[in-house]
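What follows is the content of entry.cif, which has mmCIF, C-alpha atoms and all ligand atoms:
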data_final
#
loop_
_atom_site.label_atom_id
_atom_site.label_comp_id
_atom_site.auth_asym_id
_atom_site.auth_seq_id
_atom_site.Cartn_x
_atom_site.Cartn_y
_atom_site.Cartn_z
CA MET A 1 -42.98 27.87 -7.75
CA LYS A 2 -40.48 27.11 -10.52
CA CYS A 3 -37.79 24.46 -10.94
CA SER A 4 -34.43 26.09 -10.24
CA ILE A 5 -32.83 24.35 -13.22
CA CYS A 6 -35.34 24.08 -16.11
CA GLU A 7 -37.78 26.72 -14.82
CA LYS A 8 -40.75 24.41 -15.30
CA LYS A 9 -43.72 25.42 -13.17
CA LEU A 10 -44.19 23.17 -10.17
CA LYS A 11 -47.46 22.20 -8.53
CA GLU A 12 -47.64 21.60 -4.82
CA GLY A 13 -46.75 17.98 -4.03
CA GLU A 14 -44.41 17.58 -7.00
CA VAL A 15 -41.63 19.76 -5.68
CA PHE A 16 -38.25 18.18 -4.90
CA TYR A 17 -35.57 19.99 -2.93
CA GLY A 18 -31.84 19.73 -3.46
CA ASP A 19 -30.03 17.56 -0.86
CA GLU A 20 -28.03 19.02 1.98
CA GLY A 21 -24.55 20.15 1.03
CA THR A 22 -25.24 20.17 -2.72
CA TYR A 23 -25.20 23.18 -5.04
CA TYR A 24 -29.03 23.21 -5.18
CA GLU A 25 -29.48 22.61 -1.44
CA ASP A 26 -33.06 23.43 -0.41
CA LYS A 27 -33.81 24.87 -3.88
CA PRO A 28 -37.07 23.73 -5.52
CA LEU A 29 -36.60 21.27 -8.38
CA CYS A 30 -38.77 19.20 -10.71
CA GLU A 31 -38.53 15.41 -10.46
CA THR A 32 -36.50 15.07 -13.68
CA CYS A 33 -33.94 17.70 -12.76
CA TYR A 34 -33.62 16.29 -9.25
CA TYR A 35 -32.95 12.71 -10.40
CA GLU A 36 -31.24 13.20 -13.73
CA ASP A 37 -28.67 15.81 -12.96
CA GLU A 38 -25.31 14.50 -14.14
CA PRO A 39 -23.11 12.98 -11.41
CA CYS A 40 -20.07 15.04 -10.36
CA VAL A 41 -18.64 12.30 -8.25
CA THR A 42 -19.31 8.57 -7.99
CA VAL A 43 -18.46 6.73 -4.79
CA PHE A 44 -17.97 2.97 -4.33
CA TYR A 45 -17.82 1.60 -0.80
CA GLY A 46 -15.61 -1.45 -0.19
CA ARG A 47 -16.78 -4.49 -2.16
CA ASP A 48 -20.18 -2.94 -2.84
CA ASP A 49 -20.63 -2.58 -6.62
CA GLN A 50 -23.44 -0.09 -6.18
CA PRO A 51 -22.40 3.42 -7.24
CA TYR A 52 -23.38 6.24 -4.88
CA VAL A 53 -23.67 9.46 -6.77
CA ILE A 54 -23.21 13.09 -5.84
CA SER A 55 -24.66 15.53 -8.35
CA LEU A 56 -25.52 19.21 -8.01
CA THR A 57 -28.92 18.17 -6.66
CA ARG A 58 -28.42 14.88 -4.86
CA ASN A 59 -26.01 13.33 -2.40
CA GLU A 60 -26.47 9.56 -2.10
CA THR A 61 -23.54 9.22 0.30
CA GLU A 62 -25.65 10.79 3.05
CA GLY A 63 -23.00 13.35 3.78
CA ASP A 64 -20.00 11.00 3.87
CA PHE A 65 -18.66 12.96 0.92
CA GLU A 66 -19.29 16.38 -0.55
CA VAL A 67 -18.26 17.95 -3.79
CA GLU A 68 -16.51 21.15 -4.73
CA TRP A 69 -16.04 22.57 -8.21
CA HIS A 70 -12.68 24.10 -9.03
CA SER A 71 -12.60 26.18 -12.16
CA THR A 72 -9.30 26.49 -13.98
CA ASP A 73 -10.71 28.97 -16.52
CA PRO A 74 -14.26 30.05 -17.47
CA TRP A 75 -14.85 26.87 -19.50
CA ARG A 76 -12.82 24.31 -17.68
CA GLY A 77 -12.45 22.81 -14.26
CA TYR A 78 -12.85 19.71 -12.17
CA TYR A 79 -14.83 18.36 -9.25
CA GLU A 80 -13.15 17.50 -6.01
CA ALA A 81 -14.54 15.24 -3.31
CA LYS A 82 -14.28 16.23 0.34
CA SER A 83 -14.96 14.24 3.44
CA GLU A 84 -15.04 14.67 7.19
CA LYS A 85 -15.48 10.96 7.85
CA TYR A 86 -12.93 9.51 5.45
CA ALA A 87 -9.21 10.23 5.07
CA LEU A 88 -7.60 10.48 1.66
CA VAL A 89 -4.75 7.99 1.23
CA ASN A 90 -4.04 8.10 -2.47
CA THR A 91 -5.05 10.12 -5.47
CA ALA A 92 -4.43 9.45 -9.14
CA GLU A 93 -5.33 11.15 -12.39
CA LEU A 94 -6.97 8.80 -14.81
CA LEU A 95 -6.41 9.48 -18.46
CA ALA A 96 -8.40 7.25 -20.75
CA TYR A 97 -6.29 4.92 -22.97
CA HIS A 98 -3.19 5.80 -21.00
CA GLN A 99 -0.92 3.29 -19.27
CA SER A 100 -1.79 4.93 -15.96
CA GLU A 101 -5.12 3.17 -16.33
CA GLU A 102 -3.41 -0.21 -16.33
CA MET A 103 -1.22 0.64 -13.37
CA LEU A 104 -4.23 1.82 -11.45
CA LYS A 105 -6.17 -1.34 -12.21
CA GLU A 106 -3.35 -3.47 -10.89
CA PHE A 107 -2.87 -1.30 -7.81
CA ASP A 108 -6.58 -1.08 -7.20
CA GLU A 109 -6.93 -4.86 -7.13
CA ARG A 110 -4.08 -5.42 -4.70
CA ILE A 111 -5.03 -2.61 -2.43
CA ARG A 112 -8.61 -3.81 -2.14
CA GLU A 113 -7.41 -7.26 -1.13
CA LEU A 114 -5.27 -5.59 1.50
CA PHE A 115 -8.11 -3.51 2.85
CA ASP A 116 -10.31 -6.59 3.06
CA GLU A 117 -7.63 -8.61 4.79
CA HIS A 118 -7.17 -5.93 7.44
CA GLY A 119 -10.89 -5.29 7.74
CA ILE A 120 -10.45 -1.63 6.85
CA ASP A 121 -13.44 0.29 5.48
CA TYR A 122 -12.54 2.13 2.33
CA ALA A 123 -14.18 4.07 -0.44
CA ARG A 124 -13.12 4.78 -4.01
CA VAL A 125 -14.17 8.09 -5.42
CA PHE A 126 -14.22 8.95 -9.11
CA ALA A 127 -14.54 12.65 -9.84
CA ARG A 128 -15.40 14.14 -13.21
CA SER A 129 -13.77 17.07 -14.94
CA SER A 130 -14.62 19.19 -17.97
CA ASN A 131 -12.23 17.02 -20.01
CA VAL A 132 -14.12 13.84 -20.92
CA PHE A 133 -10.87 11.85 -21.12
CA TYR A 134 -9.83 12.75 -17.65
CA GLN A 135 -11.10 11.60 -14.27
CA ASN A 136 -9.71 11.76 -10.81
CA TYR A 137 -9.51 8.63 -8.70
CA ASP A 138 -9.27 9.03 -4.92
CA LEU A 139 -8.85 6.30 -2.38
CA TYR A 140 -10.22 6.94 1.10
CA VAL A 141 -10.22 5.00 4.38
CA LYS A 142 -12.66 5.55 7.19
CA LYS A 143 -11.14 7.90 9.72
CA ASP A 144 -12.16 6.25 12.96
CA GLN A 145 -9.95 3.24 12.25
CA ALA A 146 -6.40 3.07 13.46
CA LEU A 147 -4.22 2.89 10.39
CA ILE A 148 -1.60 0.50 11.57
CA ALA A 149 1.99 0.76 10.41
CA LYS A 150 1.87 -2.78 9.06
CA PHE A 151 -0.89 -1.83 6.73
CA LEU A 152 1.06 1.13 5.38
CA VAL A 153 4.11 -1.04 4.76
CA GLU A 154 2.02 -3.42 2.69
CA TYR A 155 0.45 -0.51 0.92
CA ILE A 156 3.89 0.70 -0.19
CA LEU A 157 4.87 -2.79 -1.36
CA ALA A 158 1.65 -3.09 -3.34
CA TYR A 159 2.42 0.23 -4.97
CA ILE A 160 5.94 -0.88 -5.94
CA PHE A 161 4.50 -4.04 -7.53
CA ALA A 162 1.92 -2.13 -9.49
CA TYR A 163 4.60 0.29 -10.69
CA ARG A 164 6.92 -2.49 -11.88
CA ILE A 165 4.12 -4.37 -13.62
CA ALA A 166 2.75 -1.29 -15.36
CA ASN A 167 6.21 -0.35 -16.63
CA GLY A 168 7.05 -3.87 -17.72
CA HIS A 169 10.02 -4.02 -15.35
CA ARG A 170 10.98 -7.67 -15.19
CA GLY A 171 14.27 -9.46 -14.71
CA SER A 172 17.47 -7.74 -13.62
CA LEU A 173 17.79 -6.01 -10.26
CA ARG A 174 16.75 -2.35 -10.16
CA HIS A 175 16.05 -1.60 -6.55
CA VAL A 176 16.71 -3.02 -3.09
CA ILE A 177 14.44 -2.62 -0.07
CA VAL A 178 16.01 -2.97 3.37
CA PHE A 179 13.45 -4.33 5.78
CA ASP A 180 14.44 -3.95 9.42
CA GLU A 181 12.51 -5.79 12.14
CA ALA A 182 10.96 -7.86 9.38
CA THR A 183 9.00 -10.13 11.74
CA ARG A 184 6.68 -7.22 12.53
CA VAL A 185 5.21 -7.76 9.09
CA PHE A 186 6.33 -11.26 8.12
CA TYR A 187 5.35 -13.29 11.14
CA LYS A 188 4.30 -16.88 11.47
CA LYS A 189 0.86 -16.78 13.04
CA ARG A 190 -0.47 -14.59 10.35
CA GLU A 191 -0.25 -17.33 7.74
CA TRP A 192 -2.89 -19.33 9.57
CA ARG A 193 -5.33 -16.59 10.45
CA GLU A 194 -8.99 -16.94 9.65
CA THR A 195 -8.83 -14.45 6.80
CA THR A 196 -6.20 -16.64 5.15
CA LEU A 197 -8.71 -19.45 4.99
CA GLU A 198 -11.36 -17.14 3.58
CA LEU A 199 -9.33 -15.05 1.17
CA GLY A 200 -6.39 -17.30 0.36
CA MET A 201 -2.72 -16.47 0.88
CA PRO A 202 -2.37 -12.84 2.03
CA PHE A 203 -0.65 -10.58 -0.49
CA ILE A 204 2.26 -9.92 1.86
CA GLU A 205 3.15 -13.61 2.03
CA THR A 206 3.53 -13.78 -1.73
CA VAL A 207 6.03 -10.88 -1.71
CA PRO A 208 9.24 -12.78 -0.83
CA GLN A 209 8.34 -15.38 -3.44
CA ILE A 210 7.65 -13.18 -6.44
CA ILE A 211 9.40 -9.86 -5.84
CA ARG A 212 12.69 -10.83 -7.48
CA ASP A 213 10.93 -11.33 -10.82
CA TYR A 214 10.11 -7.63 -10.81
CA GLY A 215 13.63 -6.27 -10.46
CA GLU A 216 13.26 -5.82 -6.70
CA GLY A 217 15.46 -7.25 -3.99
CA ILE A 218 14.75 -7.31 -0.26
CA ILE A 219 17.19 -7.55 2.61
CA PHE A 220 15.33 -8.71 5.70
CA ALA A 221 16.83 -8.08 9.13
CA LEU A 222 15.26 -9.82 12.11
CA GLN A 223 16.03 -10.84 15.68
CA GLU A 224 13.79 -13.85 16.19
CA PRO A 225 13.88 -16.30 13.27
CA SER A 226 11.55 -18.65 15.17
CA ILE A 227 8.60 -16.32 14.60
CA ALA A 228 9.43 -15.39 10.99
CA SER A 229 6.89 -16.48 8.40
CA HIS A 230 7.56 -19.52 6.27
CA SER A 231 7.51 -17.49 3.06
CA LEU A 232 10.31 -15.25 4.33
CA MET A 233 12.50 -18.15 5.47
CA ALA A 234 11.88 -20.29 2.41
CA ASN A 235 12.42 -17.61 -0.21
CA SER A 236 15.49 -15.74 0.97
CA ASN A 237 18.46 -16.77 -1.10
CA VAL A 238 21.32 -15.95 1.25
CA LYS A 239 21.03 -16.17 5.03
CA MET A 240 23.54 -14.65 7.42
CA VAL A 241 23.14 -15.72 11.02
CA GLY A 242 24.77 -13.88 13.90
CA PHE A 243 24.93 -14.98 17.54
CA LEU A 244 21.76 -16.70 18.72
CA GLY A 245 21.07 -17.58 22.34
CA GLU A 246 17.44 -18.64 22.33
CA GLY A 247 16.70 -22.34 21.87
CA GLU A 248 13.67 -21.83 19.66
CA ASP A 249 15.57 -19.53 17.34
CA ILE A 250 18.49 -21.96 17.11
CA ASP A 251 16.05 -24.77 16.27
CA ALA A 252 14.35 -22.69 13.59
CA ILE A 253 17.65 -21.82 11.89
CA THR A 254 19.01 -25.37 12.21
CA LYS A 255 15.92 -26.66 10.44
CA SER A 256 15.74 -23.92 7.83
CA LEU A 257 19.44 -24.14 6.94
CA ASP A 258 19.63 -27.91 7.40
CA LEU A 259 22.68 -27.63 9.68
CA SER A 260 24.80 -30.39 11.19
CA ASP A 261 25.27 -30.58 14.98
CA GLU A 262 28.69 -28.93 14.67
CA GLU A 263 27.32 -26.07 12.55
CA ARG A 264 24.45 -25.69 14.96
CA SER A 265 26.73 -25.26 17.96
CA ALA A 266 28.69 -22.58 16.06
CA MET A 267 25.71 -20.25 16.26
CA THR A 268 26.04 -19.88 20.02
CA LYS A 269 29.76 -19.04 19.77
CA LEU A 270 29.64 -16.28 17.16
CA GLU A 271 31.05 -12.90 18.20
CA ARG A 272 30.09 -9.47 16.91
CA GLY A 273 30.89 -9.22 13.21
CA GLU A 274 30.95 -13.00 12.78
CA TRP A 275 28.36 -14.77 10.69
CA LEU A 276 27.31 -18.21 9.69
CA VAL A 277 26.37 -17.90 6.03
CA LYS A 278 24.17 -20.19 3.99
CA LYS A 279 23.44 -19.87 0.31
CA ALA A 280 21.36 -22.36 -1.63
CA GLU A 281 23.36 -25.39 -2.78
CA ILE A 282 26.53 -24.35 -0.96
CA LYS A 283 27.72 -25.71 2.37
CA PRO A 284 27.47 -23.20 5.23
CA PHE A 285 30.62 -21.18 5.94
CA LEU A 286 31.83 -18.59 8.42
CA LEU A 287 32.36 -14.98 7.50
CA ARG A 288 33.83 -12.01 9.34
CA SER A 289 32.50 -8.57 8.46
CA PHE A 290 33.81 -5.12 9.32
CA ASP A 291 33.05 -4.15 12.85
CA TYR A 292 30.87 -1.08 12.38
CA LEU A 293 30.62 0.62 15.72
CA LEU A 294 27.43 2.66 15.80
CA GLU A 295 25.77 4.67 18.51
CA LYS A 296 22.18 3.60 19.21
CA ASN A 297 20.93 7.10 18.47
CA VAL A 298 22.54 7.35 15.02
CA THR A 299 20.34 9.25 12.56
CA ASP A 300 19.47 8.14 9.04
CA LYS A 301 21.42 11.07 7.69
CA GLU A 302 24.59 10.11 9.56
CA LEU A 303 24.19 6.54 8.37
CA PHE A 304 23.83 7.68 4.76
CA GLU A 305 27.03 9.69 5.02
CA ARG A 306 28.91 6.83 6.56
CA MET A 307 27.79 4.30 3.95
CA LYS A 308 28.40 6.52 0.93
CA PRO A 309 32.00 5.43 0.18
CA PHE A 310 30.98 1.79 0.49
CA LEU A 311 28.00 2.14 -1.80
CA LYS A 312 30.17 3.90 -4.35
CA LYS A 313 32.32 0.80 -4.50
CA LEU A 314 29.26 -1.32 -5.28
CA SER A 315 28.07 0.76 -8.19
CA GLU A 316 28.05 4.31 -9.46
CA LYS A 317 24.31 4.02 -9.85
CA VAL A 318 23.34 3.37 -6.24
CA ILE A 319 20.92 5.98 -4.98
CA LEU A 320 19.83 6.01 -1.36
CA THR A 321 16.31 6.97 -0.48
CA THR A 322 14.78 7.78 2.86
CA SER A 323 13.44 5.14 5.17
CA VAL A 324 9.93 4.47 6.36
CA GLN A 325 9.65 4.15 10.12
CA ALA A 326 7.07 1.68 11.34
CA LYS A 327 6.36 2.37 14.98
ZN ZN B 1 -36.49 20.95 -13.82
#
How would this structure read if it were set down as structure tokens?
Amino acid sequence: MKCSICEKKLKEGEVFYGDEGTYYEDKPLCETCYYEDEPCVTVFYGRDDQPYVISLTRNETEGDFEVEWHSTDPWRGYYEAKSEKYALVNTAELLAYHQSEEMLKEFDERIRELFDEHGIDYARVFARSSNVFYQNYDLYVKKDQALIAKFLVEYILAYIFAYRIANGHRGSLRHVIVFDEATRVFYKKREWRETTLELGMPFIETVPQIIRDYGEGIIFALQEPSIASHSLMANSNVKMVGFLGEGEDIDAITKSLDLSDEERSAMTKLERGEWLVKKAEIKPFLLRSFDYLLEKNVTDKELFERMKPFLKKLSEKVILTTSVQAK
């Protein structure tokens, strides 16, 4: 029997066979060729620093991942990881010495904190190509876990942060995020969860505090201010309060806006299109907005059309992008 790679003669008892799903699956190999074949893909699970390698002869991921070679011409190509058990959530090309490396580092850090906070099992997969300066980085999450909408929202925010940091975007406003039903993500109880004690302030709670430094603005819309997180209430610069009927919500706003008894009672008398407005260091005042009558089943597209003339007035540069629906 001969080694399938180096053709060295093999005695009985010293034969190794290629792992299942690899290029040399079930083929006889010598010990050196079996163990020292160059890795095609390296997998890191969660916080585990141990690399799990897939080469043409071995698969240390025990079948979690497999590898496929794609050739782009006779001399060039790249390896691609595949998985039945994990779902791909992000992929990035890594060019050595390129700024993409920095962006990825930043993103990678934040996203791993997020995964840990939500207790989501993830794996990072680095795949080699024929170009030594180029690698592919894939981020996977275990499939049997429900990927909750909240998590995806945070994921997008983390990406925006990483993008702004990598591009050195600081200071003046570049982009505004409109966050409807904000208490689904920014809610009170979360600040005191067990993971907060273990891992410190969750990433999401730092967002209202620091996002403005990165040229991002957020407009939060919410129905129940009494359950909104402290970081949201404390860091929003302008608050517009419409009619409130619930005692707890009235209390929360009274406290947050430091209202007098008279101002407090105004909240229960507001009509549609009327707002109590509070901006830092200015006394609260009343404001009447246009009465936009909208059907409940209005589509995003119809809304875009309707708002276009208004946005044009704000600035020639306003560009609307599609919304993310968290259900
Ligand atoms: Zn060999």
Please identify all polymer residues within 12 Å of Gly245 in chain A, counting only C-alpha atoms, omitting same-chain residues fewer than 6 positions from it, and present them as a PyMOL selection string. chain A and resi 223-226+251+253+264-271
List the spatial neighbours of range 111-128 of chain A as a PyMOL selection string - criterion: any atom at most 6 Å away, only C-alpha atoms, same-chain residues fewer than 5 positions off excluded. chain A and resi 40-46+79+135-142
May I ask you to write as a list in words all residues lying at most 12 Å from ligand ZN 1 (chain B), with all atoms listed in the file counted?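 Written in the requested form, the residues are Met1, Lys2, Cys3, Ser4, Ile5, Cys6, Glu7, Lys8, Lys9, Leu10, Glu14, Val15, Phe16, Tyr17, Gly18, Tyr24, Lys27, Pro28, Leu29, Cys30, Glu31, Thr32, Cys33, Tyr34, Tyr35, Glu36, Asp37 and Thr57 of chain A.
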Dump as a PyMOL selection string all residues having an atom at most 6 Å from (-15.7, 10.6, 5.3), computed in the file's coordinates with only C-alpha atoms. chain A and resi 64-65+83-86
Quick check, in Å to one decimal: how far apart do CA of Lys308 in chain A and CA of Leu293 in chain A lie?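 We find that CA of Lys308 in chain A and CA of Leu293 in chain A lie 16.1 Å from each other.
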Return the padded bounding box of range 280-289 of chain A as JSON: axis-aligned, built from all atoms listed in the file, 5 Å added on each side, with centre and edge lengths in Å to one decimal.
{"center_x": 27.6, "center_y": -17.1, "center_z": 3.3, "size_x": 22.5, "size_y": 27.1, "size_z": 22.1}
Counting all atoms listed in the file, which residue out of A:Glu25, A:Glu248, A:Asp108, A:Glu263 sits closest to Arg47 in chain A?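 Comparing A:Glu25, A:Glu248, A:Asp108, A:Glu263 against Arg47 in chain A, the winner is A:Asp108.
CA of Lys313 in chain A sits 24.2 Å away from CA of Leu276 in chain A.
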Hey, can you check how far CA of Asn131 in chain A sits from CA of Thr22 in chain A? 21.9 Å
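Shortest atom-to-atom contact with Pro284 in chain A among A:Glu246, A:Phe304, A:Val241, A:Pro202: A:Val241, counting all atoms listed in the file.
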Between A:Tyr292, A:Trp275, A:Tyr78, A:Tyr163, which one has atoms that come closest to Gly242 in chain A, using all atoms listed in the file?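 Closest candidate: A:Trp275.
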Using all atoms listed in the file, the shortest atom-to-atom distance to Leu232 in chain A among A:Ile160, A:Leu314, A:Val53, A:Ile210 belongs to A:Ile210
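Here the question is which of A:Leu95, A:Leu222, A:Met307, A:Met103 gets nearest to Val185 in chain A using only C-alpha atoms, and that residue is A:Leu222.
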